[in-house]
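input.txt follows (compact mmCIF, C-alpha atoms and all ligand atoms):
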```txt
# COMPACT_ATOMS: atom_id res chain seq x y z
CA MET A 13 -0.23 22.09 -10.87
CA VAL A 14 -1.63 18.63 -10.06
CA LYS A 15 -5.17 18.82 -8.67
CA VAL A 16 -5.99 15.99 -6.28
CA ILE A 17 -9.00 14.46 -4.52
CA MET A 18 -7.98 12.90 -1.18
CA HIS A 19 -10.11 9.77 -0.75
CA GLY A 20 -10.17 8.98 3.00
CA CYS A 21 -9.14 12.57 3.78
CA ASN A 22 -10.13 12.44 7.46
CA GLY A 23 -8.12 9.33 8.32
CA LYS A 24 -4.55 9.22 9.63
CA MET A 25 -2.91 9.12 6.18
CA GLY A 26 -5.45 11.57 4.69
CA GLN A 27 -4.40 14.13 7.28
CA VAL A 28 -0.67 13.44 6.80
CA ILE A 29 -1.12 14.19 3.08
CA THR A 30 -3.30 17.24 3.74
CA ASN A 31 -0.45 18.73 5.78
CA LEU A 32 2.36 17.69 3.40
CA ILE A 33 0.59 19.18 0.37
CA LYS A 34 0.35 22.59 2.06
CA GLU A 35 4.16 22.82 1.65
CA ASP A 36 4.23 21.75 -2.01
CA ARG A 37 3.73 24.22 -4.87
CA GLU A 38 3.32 21.58 -7.58
CA ILE A 39 0.23 19.91 -6.14
CA GLU A 40 -3.07 21.03 -4.64
CA LEU A 41 -5.85 19.22 -2.75
CA VAL A 42 -9.09 20.43 -4.37
CA ALA A 43 -11.48 18.14 -2.45
CA GLY A 44 -11.72 15.29 0.01
CA VAL A 45 -14.03 12.29 0.22
CA ASP A 46 -14.85 10.74 3.59
CA PRO A 47 -18.08 9.70 5.35
CA TYR A 48 -16.53 10.98 8.61
CA LYS A 49 -16.85 14.77 8.78
CA GLY A 50 -15.38 15.62 12.21
CA ILE A 51 -12.26 17.42 10.90
CA GLU A 52 -11.92 20.90 9.38
CA ASN A 53 -10.02 20.89 6.11
CA PRO A 54 -8.89 23.65 3.72
CA TYR A 55 -11.03 21.99 0.97
CA PRO A 56 -14.63 20.75 0.66
CA VAL A 57 -15.34 17.16 1.79
CA TYR A 58 -17.89 15.01 -0.06
CA ASP A 59 -19.46 11.59 0.45
CA SER A 60 -18.48 10.32 -2.99
CA ILE A 61 -16.08 11.09 -5.84
CA LEU A 62 -19.12 11.45 -8.12
CA GLU A 63 -20.29 14.47 -6.09
CA VAL A 64 -17.00 16.38 -6.44
CA LYS A 65 -17.50 19.53 -8.55
CA GLU A 66 -13.88 20.73 -8.59
CA GLN A 67 -11.71 20.03 -11.64
CA THR A 68 -9.39 17.11 -10.74
CA ASP A 69 -6.34 15.37 -12.22
CA VAL A 70 -5.72 12.46 -9.82
CA VAL A 71 -7.29 10.68 -6.82
CA ILE A 72 -5.09 9.57 -3.89
CA ASP A 73 -6.73 6.81 -1.85
CA PHE A 74 -5.90 5.84 1.73
CA SER A 75 -9.22 4.56 3.03
CA ASN A 76 -10.65 1.10 3.60
CA ALA A 77 -10.86 -2.03 1.44
CA ASN A 78 -14.66 -2.07 1.94
CA THR A 79 -14.86 0.95 -0.34
CA THR A 80 -12.37 -0.06 -3.04
CA ASP A 81 -15.00 -1.45 -5.47
CA LYS A 82 -16.92 1.85 -5.43
CA LEU A 83 -13.71 3.87 -5.62
CA LEU A 84 -12.63 2.05 -8.78
CA ALA A 85 -16.09 2.31 -10.37
CA ASP A 86 -16.28 6.06 -9.62
CA CYS A 87 -12.75 6.71 -10.94
CA ILE A 88 -13.62 4.85 -14.14
CA GLU A 89 -16.86 6.82 -14.51
CA LYS A 90 -15.03 10.15 -14.10
CA LYS A 91 -11.95 8.93 -16.06
CA LEU A 92 -9.69 9.79 -13.10
CA PRO A 93 -6.25 8.26 -12.51
CA VAL A 94 -5.95 6.77 -9.00
CA VAL A 95 -3.05 6.23 -6.61
CA LEU A 96 -4.34 3.21 -4.69
CA CYS A 97 -2.64 2.86 -1.30
CA THR A 98 -5.33 1.03 0.70
CA THR A 99 -4.32 -2.50 1.76
CA GLY A 100 -6.30 -5.63 2.65
CA LEU A 101 -7.83 -6.11 -0.82
CA SER A 102 -9.37 -9.52 -1.60
CA GLU A 103 -8.33 -11.65 -4.62
CA GLU A 104 -11.54 -10.54 -6.34
CA GLN A 105 -10.71 -6.89 -5.69
CA LEU A 106 -7.16 -7.33 -6.99
CA LYS A 107 -8.71 -8.63 -10.23
CA LYS A 108 -10.93 -5.53 -10.36
CA VAL A 109 -7.82 -3.36 -10.00
CA GLU A 110 -6.32 -5.06 -13.08
CA ASP A 111 -9.61 -4.55 -14.99
CA ALA A 112 -9.78 -0.88 -13.96
CA ALA A 113 -6.23 -0.38 -15.23
CA LYS A 114 -7.46 -1.18 -18.75
CA GLU A 115 -9.55 2.01 -18.60
CA ILE A 116 -7.66 4.43 -16.32
CA PRO A 117 -4.10 4.82 -14.97
CA VAL A 118 -3.85 2.94 -11.64
CA LEU A 119 -0.76 3.20 -9.45
CA LYS A 120 -1.07 0.57 -6.72
CA SER A 121 1.49 0.02 -3.99
CA ALA A 122 1.07 -1.44 -0.52
CA ASN A 123 3.94 0.73 0.65
CA MET A 124 4.84 4.10 -0.81
CA SER A 125 8.20 4.45 0.97
CA LEU A 126 11.51 4.55 -0.89
CA GLY A 127 13.04 2.05 1.54
CA ILE A 128 10.48 -0.72 1.07
CA ASN A 129 10.50 -0.33 -2.71
CA LEU A 130 14.29 -0.65 -2.71
CA LEU A 131 14.00 -3.67 -0.38
CA ILE A 132 11.66 -5.34 -2.88
CA LYS A 133 14.42 -5.17 -5.51
CA ILE A 134 17.10 -6.40 -3.09
CA LEU A 135 14.96 -9.34 -1.94
CA LYS A 136 14.48 -10.56 -5.50
CA GLU A 137 18.27 -10.83 -5.87
CA ALA A 138 18.79 -12.36 -2.42
CA ALA A 139 16.09 -14.97 -2.97
CA LYS A 140 17.60 -16.13 -6.26
CA THR A 141 20.78 -17.15 -4.39
CA LEU A 142 19.43 -18.15 -0.98
CA ALA A 143 16.28 -20.11 -1.88
CA PRO A 144 18.10 -22.73 -4.01
CA ALA A 145 20.69 -23.01 -1.18
CA GLY A 146 17.94 -24.23 1.15
CA PHE A 147 17.28 -21.07 3.19
CA ASP A 148 13.83 -20.90 4.81
CA ILE A 149 12.05 -17.56 4.45
CA GLU A 150 10.01 -15.93 7.22
CA ILE A 151 8.49 -12.43 7.32
CA VAL A 152 7.53 -10.65 10.54
CA GLU A 153 5.59 -7.40 10.36
CA LYS A 154 4.67 -5.08 13.26
CA HIS A 155 2.10 -2.27 13.22
CA HIS A 156 0.07 -0.01 15.52
CA ASN A 157 -2.99 -1.25 17.36
CA LEU A 158 -5.44 0.61 15.06
CA LYS A 159 -4.53 -1.38 11.95
CA VAL A 160 -7.45 -3.56 10.82
CA ASP A 161 -5.92 -5.74 8.08
CA ALA A 162 -3.37 -8.51 8.68
CA PRO A 163 -0.91 -9.43 7.44
CA SER A 164 0.12 -6.02 6.14
CA GLY A 165 -0.07 -5.32 2.43
CA THR A 166 3.68 -4.71 2.56
CA ALA A 167 4.42 -8.16 4.03
CA LEU A 168 2.42 -9.70 1.19
CA ALA A 169 4.20 -7.53 -1.40
CA LEU A 170 7.61 -8.57 0.01
CA ALA A 171 6.57 -12.24 -0.11
CA ASP A 172 5.24 -11.80 -3.66
CA SER A 173 8.53 -10.25 -4.82
CA ILE A 174 10.48 -13.23 -3.45
CA ASN A 175 7.98 -15.70 -4.89
CA GLU A 176 8.12 -14.03 -8.32
CA ALA A 177 11.93 -14.33 -8.33
CA CYS A 178 11.60 -18.07 -7.48
CA ASP A 179 9.08 -19.05 -10.18
CA ASN A 180 6.18 -18.83 -7.70
CA ILE A 181 7.07 -22.04 -5.86
CA TYR A 182 5.96 -20.76 -2.42
CA GLU A 183 2.68 -20.97 -0.49
CA TYR A 184 2.15 -18.48 2.35
CA LYS A 185 1.71 -19.79 5.91
CA TYR A 186 -0.04 -17.43 8.34
CA ASP A 187 -0.70 -19.74 11.29
CA ARG A 188 1.25 -22.71 12.66
CA SER A 189 -0.97 -23.32 15.68
CA GLN A 190 -3.41 -25.76 14.07
CA GLU A 191 -1.12 -28.61 13.06
CA ARG A 192 1.89 -30.55 14.36
CA VAL A 193 4.09 -30.86 11.28
CA GLU A 194 7.59 -29.83 10.28
CA ARG A 195 8.01 -26.69 8.26
CA ASP A 196 7.54 -27.22 4.53
CA THR A 197 10.46 -25.94 2.44
CA LYS A 198 8.01 -24.52 -0.10
CA GLU A 199 6.43 -22.00 2.27
CA ILE A 200 7.01 -18.43 3.34
CA GLY A 201 5.85 -17.85 6.92
CA ILE A 202 4.18 -14.49 7.52
CA SER A 203 3.53 -13.29 11.10
CA ALA A 204 1.73 -10.12 12.22
CA VAL A 205 2.25 -8.22 15.49
CA ARG A 206 -0.07 -5.36 16.57
CA GLY A 207 0.65 -2.91 19.35
CA GLY A 208 0.95 0.71 20.46
CA THR A 209 1.89 3.29 17.86
CA ILE A 210 4.37 1.25 15.76
CA VAL A 211 4.30 3.00 12.36
CA GLY A 212 5.43 -0.03 10.36
CA ASP A 213 8.21 -2.57 10.75
CA HIS A 214 9.05 -5.39 8.33
CA GLU A 215 11.70 -8.06 8.82
CA VAL A 216 12.55 -10.71 6.25
CA LEU A 217 14.62 -13.65 7.52
CA PHE A 218 16.49 -16.07 5.33
CA ALA A 219 17.35 -18.89 7.75
CA GLY A 220 19.78 -21.42 6.35
CA PRO A 221 22.04 -24.17 7.60
CA ASP A 222 24.13 -22.48 10.34
CA GLU A 223 23.55 -18.92 9.10
CA VAL A 224 20.76 -16.36 9.03
CA ILE A 225 20.45 -13.20 6.95
CA GLU A 226 17.93 -10.57 8.08
CA PHE A 227 16.64 -7.61 6.10
CA ARG A 228 14.68 -5.00 8.04
CA HIS A 229 12.82 -1.80 7.27
CA THR A 230 11.49 0.44 10.02
CA ALA A 231 9.18 3.37 9.32
CA TYR A 232 9.57 6.13 11.92
CA SER A 233 6.82 8.37 10.54
CA LYS A 234 3.82 8.13 8.24
CA GLY A 235 5.34 11.02 6.27
CA ILE A 236 7.40 8.57 4.21
CA PHE A 237 4.18 7.01 2.84
CA GLY A 238 2.61 10.43 2.28
CA LYS A 239 5.63 11.73 0.32
CA GLY A 240 5.61 8.63 -1.88
CA ALA A 241 1.89 9.00 -2.59
CA ILE A 242 2.35 12.67 -3.55
CA GLU A 243 5.19 11.78 -5.94
CA GLY A 244 2.94 9.00 -7.28
CA ALA A 245 0.13 11.49 -7.98
CA LYS A 246 2.52 13.85 -9.81
CA PHE A 247 3.76 10.91 -11.89
CA LEU A 248 0.27 9.62 -12.71
CA LYS A 249 -1.17 12.86 -14.13
CA GLY A 250 -1.35 12.54 -17.89
CA GLN A 251 -0.29 8.86 -18.01
CA GLN A 252 -2.00 6.35 -20.32
CA PRO A 253 -4.41 3.81 -18.77
CA GLY A 254 -2.40 0.95 -17.25
CA ARG A 255 -1.06 -0.59 -14.08
CA TYR A 256 1.79 1.30 -12.46
CA ASP A 257 3.73 0.82 -9.22
CA MET A 258 6.32 2.74 -7.22
CA SER A 259 9.19 1.34 -9.30
CA ASP A 260 7.77 3.43 -12.18
CA VAL A 261 7.97 6.54 -9.98
CA ILE A 262 11.36 5.89 -8.40
CA GLY A 263 12.96 4.44 -11.55
CA GLU A 264 15.25 1.40 -11.80
N1 LIG A 301 0.39 2.09 0.75
C1 LIG A 301 0.95 2.65 1.84
O1 LIG A 301 2.10 3.10 1.82
C2 LIG A 301 0.14 2.74 3.09
C3 LIG A 301 -1.10 2.19 3.14
N2 LIG A 301 -1.87 2.36 4.24
C4 LIG A 301 -3.21 1.81 4.15
O2 LIG A 301 -4.13 2.89 3.91
C5 LIG A 301 -5.38 2.60 4.52
C6 LIG A 301 -5.78 3.75 5.43
O3 LIG A 301 -4.88 3.89 6.48
P1 LIG A 301 -5.12 4.96 7.66
O4 LIG A 301 -5.17 6.34 7.11
O5 LIG A 301 -4.11 4.62 8.70
O6 LIG A 301 -6.57 4.49 8.16
P2 LIG A 301 -7.69 5.33 8.93
O7 LIG A 301 -8.66 4.34 9.45
O8 LIG A 301 -7.05 6.28 9.88
O9 LIG A 301 -8.38 6.19 7.77
C7 LIG A 301 -9.27 5.69 6.82
C8 LIG A 301 -10.24 6.79 6.44
O10 LIG A 301 -11.04 6.30 5.37
C9 LIG A 301 -12.35 6.78 5.59
N3 LIG A 301 -13.35 6.03 4.83
C10 LIG A 301 -14.08 4.95 5.22
N4 LIG A 301 -14.96 4.63 4.27
C11 LIG A 301 -14.78 5.51 3.24
C12 LIG A 301 -15.42 5.71 1.99
N5 LIG A 301 -16.43 4.94 1.59
N6 LIG A 301 -14.96 6.72 1.19
C13 LIG A 301 -13.95 7.51 1.59
N7 LIG A 301 -13.34 7.39 2.80
C14 LIG A 301 -13.75 6.40 3.60
C15 LIG A 301 -12.54 6.67 7.11
O11 LIG A 301 -13.64 7.45 7.57
C16 LIG A 301 -11.20 7.19 7.60
O12 LIG A 301 -11.22 8.58 7.78
C17 LIG A 301 -5.20 1.25 5.21
O13 LIG A 301 -5.64 0.23 4.35
C18 LIG A 301 -3.69 1.15 5.41
O14 LIG A 301 -3.23 -0.18 5.52
C19 LIG A 301 -1.46 3.08 5.31
C20 LIG A 301 -0.22 3.63 5.33
C21 LIG A 301 0.70 3.48 4.23
O1 LIG A 302 -1.89 0.53 8.11
C1 LIG A 302 -0.74 1.04 8.14
O2 LIG A 302 -0.42 1.87 9.00
C2 LIG A 302 0.21 0.66 7.10
N1 LIG A 302 -0.21 -0.10 6.13
C3 LIG A 302 0.53 -0.54 4.99
C4 LIG A 302 0.55 -2.04 4.91
O3 LIG A 302 -0.46 -2.69 5.22
O4 LIG A 302 1.56 -2.59 4.51
C5 LIG A 302 1.85 0.14 4.84
C6 LIG A 302 2.52 0.58 6.10
O5 LIG A 302 3.28 -0.46 6.63
C7 LIG A 302 1.59 1.19 7.13
```

Step by step, read the file and then write its structure as structure tokens.
Ligand SMILES: NC(=O)C1=CN([C@@H]2O[C@H](COP(=O)(O)OP(=O)(O)OC[C@H]3O[C@@H](n4cnc5c(N)ncnc54)[C@H](O)[C@@H]3O)[C@@H](O)[C@H]2O)C=CC1
Ligand SMILES: O=C(O)C1=N[C@H](C(=O)O)C[C@H](O)C1
Amino acid sequence: MVKVIMHGCNGKMGQVITNLIKEDREIELVAGVDPYKGIENPYPVYDSILEVKEQTDVVIDFSNANTTDKLLADCIEKKLPVVLCTTGLSEEQLKKVEDAAKEIPVLKSANMSLGINLLIKILKEAAKTLAPAGFDIEIVEKHHNLKVDAPSGTALALADSINEACDNIYEYKYDRSQERVERDTKEIGISAVRGGTIVGDHEVLFAGPDEVIEFRHTAYSKGIFGKGAIEGAKFLKGQQPGRYDMSDVIGE
């Protein structure tokens, strides 16, 4: 049995996971952490990981980037592996994630779904052929109107996977409204749309001379992220300190 603290338990993803775990005999939520207390849960809810009394194997985090520094410090103090799903982390925070991974197991992924993690692999291959052939790359992501960070962590992860496959030649362009210049070949454009209840939609366009290839992933429910995070927690229990991602969980 994998015993889990749900960090951000009273948010949208915290509640998705609370409900999914009720159906799973291999994993148990022993506590939650959230400053918001307006929801009844089948486990105690604390203000901080340091207050949790229950024996725990792994922390799953879907909360807010404002709290990531404290989350990492608390997980290090309690020697707890963490599945880090929160997006919108700064460069400085990304560095802290790498530092934390020297002391505890850290599984970080901006998108826990099988589809996006497969797309990451496919894009690396596509980019190796299409980028040298002069295809421009644009990413368009769409999310619900409650999302606070933009662009999405997934859009950045997709861009990073392409960039990595192309020897990191690309800069990311988030806004074309401030200058009157032609598109630079060494850029990946990233655009964010917010509206309604869109769960998550990512399109990657390779636009070349007289032909366009589009890759698209559409999430129809938050359950796909919840399932991935639960599998991530099962994987992370008992691992050595280090940096892991969903490719470690799904396998090559
Ligand atoms: N990696 C992935 O697959 C996915 C990542 N996300 C990311 O997860 C994060 C949360 O998403 P949602 O659940 O939709 O947001 P939400 O706003 O519904 O929930 C966030 C929860 O975190 C709580 N929180 C705030 N400060 C906290 C603190 N100091 N300690 C513990 N909890 C705290 C809030 O009270 C709230 O209940 C976002 O960054 C989002 O982009 C969301 C879906 C999938
Ligand atoms: O906030 C969300 O909802 C989501 N956030 C993640 C992101 O920023 O990429 C993953 C998913 O698309 C849903």

Query raised in the report: Which one of A:Ile149, A:Leu130, A:Ile88, A:Val94 sits closest to His229 (chain A) if you count only C-alpha atoms?
Result: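 Comparing A:Ile149, A:Leu130, A:Ile88, A:Val94 against His229 (chain A), the winner is A:Leu130.
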
Can you check which parts of region 129-149 of chain A lie within 12 Å of region 156-168 of chain A? Per residue, the shortest pair of atoms and distance in Å to one decimal, counting only C-alpha atoms, sorted by chain and number, as CSV.
```
residue,atom,partner,partner_atom,distance
A:Asn129,CA,A:Thr166,CA,9.7
A:Leu131,CA,A:Thr166,CA,10.8
A:Ile132,CA,A:Thr166,CA,9.7
```

Query raised in the report: Excluding same-chain residues fewer than 4 positions from Asp69 (chain A), what lies within 8 Å of it counting only C-alpha atoms, as a list in words?
Result: Val14, Lys15, Val16, Leu92, Pro93 and Lys249 of chain A

Query raised in the report: Please, which residues have at least one atom within 6 Å of an atom of ligand LIG 301 (chain A), using all atoms listed in the file, listed as an MDAnalysis selection string?
Result: chainID A and resid 19:20 22:26 45:48 74:76 79 97:99 121:124 237

Using only C-alpha atoms, please write the residues we just selected to a file, as a short mmCIF file (atom, residue, chain, number, x, y, z; two decimals), in the frame of the given file.
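Written file, again_35.cif:
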```
data_model
loop_
_atom_site.label_atom_id
_atom_site.label_comp_id
_atom_site.auth_asym_id
_atom_site.auth_seq_id
_atom_site.Cartn_x
_atom_site.Cartn_y
_atom_site.Cartn_z
CA HIS A 19 -10.11 9.77 -0.75
CA GLY A 20 -10.17 8.98 3.00
CA ASN A 22 -10.13 12.44 7.46
CA GLY A 23 -8.12 9.33 8.32
CA LYS A 24 -4.55 9.22 9.63
CA MET A 25 -2.91 9.12 6.18
CA GLY A 26 -5.45 11.57 4.69
CA VAL A 45 -14.03 12.29 0.22
CA ASP A 46 -14.85 10.74 3.59
CA PRO A 47 -18.08 9.70 5.35
CA TYR A 48 -16.53 10.98 8.61
CA PHE A 74 -5.90 5.84 1.73
CA SER A 75 -9.22 4.56 3.03
CA ASN A 76 -10.65 1.10 3.60
CA THR A 79 -14.86 0.95 -0.34
CA CYS A 97 -2.64 2.86 -1.30
CA THR A 98 -5.33 1.03 0.70
CA THR A 99 -4.32 -2.50 1.76
CA SER A 121 1.49 0.02 -3.99
CA ALA A 122 1.07 -1.44 -0.52
CA ASN A 123 3.94 0.73 0.65
CA MET A 124 4.84 4.10 -0.81
CA PHE A 237 4.18 7.01 2.84
#
```

Query raised in the report: When you draw a straight line from CA of Glu66 (chain A) to CA of Asp111 (chain A), how long is it in Å?
Result: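 CA of Glu66 (chain A) sits 26.4 Å away from CA of Asp111 (chain A).
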
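Among the candidate residues A:Lys90, A:Met18, A:Gly254, A:Lys34, the one lying nearest to Tyr58 (chain A) is A:Met18, with distances computed using only C-alpha atoms.
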
Region 170-179 of chain A: axis-aligned bounding box, 6 Å on each side, centre and edge lengths in Å, one decimal, as JSON:
```
{"center_x": 8.6, "center_y": -13.8, "center_z": -5.1, "size_x": 18.7, "size_y": 22.5, "size_z": 22.2}
```

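Summary of the local environment: counting all atoms listed in the file, residues at most 12 Å from Cys178 (chain A), other than itself and those fewer than 4 positions away along its chain, are Leu135, Lys136, Glu137, Ala138, Ala139, Lys140, Thr141, Leu142, Ala143, Pro144, Ile149, Ala171, Asp172, Ser173, Ile174, Tyr182, Glu183, Lys198, Glu199 and Ile200 of chain A.
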
Requested in this report: Would you please work out which residue, of A:Gly207, A:Pro117, A:Gly263, A:Gly100, is nearest to Leu84 (chain A) when using only C-alpha atoms?
Outcome: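 Comparing A:Gly207, A:Pro117, A:Gly263, A:Gly100 against Leu84 (chain A), the winner is A:Pro117.
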
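For the atom pair formed by CA of Ser233 (chain A) and CA of Leu32 (chain A), the distance is 12.6 Å, given to one decimal.
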
Report task. Rank nothing, just name the residue among A:Cys21, A:Val224, A:Ala85, A:Ala204 nearest to Val109 (chain A), using all atoms listed in the file. Result ->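 Among A:Cys21, A:Val224, A:Ala85, A:Ala204, it is A:Ala85 that comes nearest to Val109 (chain A).
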
Report task. Would you please work out which residue, of A:Arg255, A:Arg206, A:His214, A:Lys246, is nearest to Lys107 (chain A) when using only C-alpha atoms? Result ->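 Looking at the shortest contact to Lys107 (chain A), the residue is A:Arg255.
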
Requested in this report: Tell me, in Å to one decimal, how far CA of Val205 (chain A) is from CA of Asp73 (chain A).
Outcome: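 Interatomic distance here is 24.6 Å.
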
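Of the residues listed (A:Glu89, A:Asp81, A:Asp260, A:Asp59), A:Asp81 shows the shortest atom-to-atom separation from Leu101 (chain A); distances use only C-alpha atoms.
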
Requested in this report: Could you pull out every residue with an atom within 7 Å of (9.1, 0.3, 5.1), file coordinates, counting only C-alpha atoms, and send them as a ChimeraX atom specification?
Outcome: /A:123,125,127-128,212-214,229-231
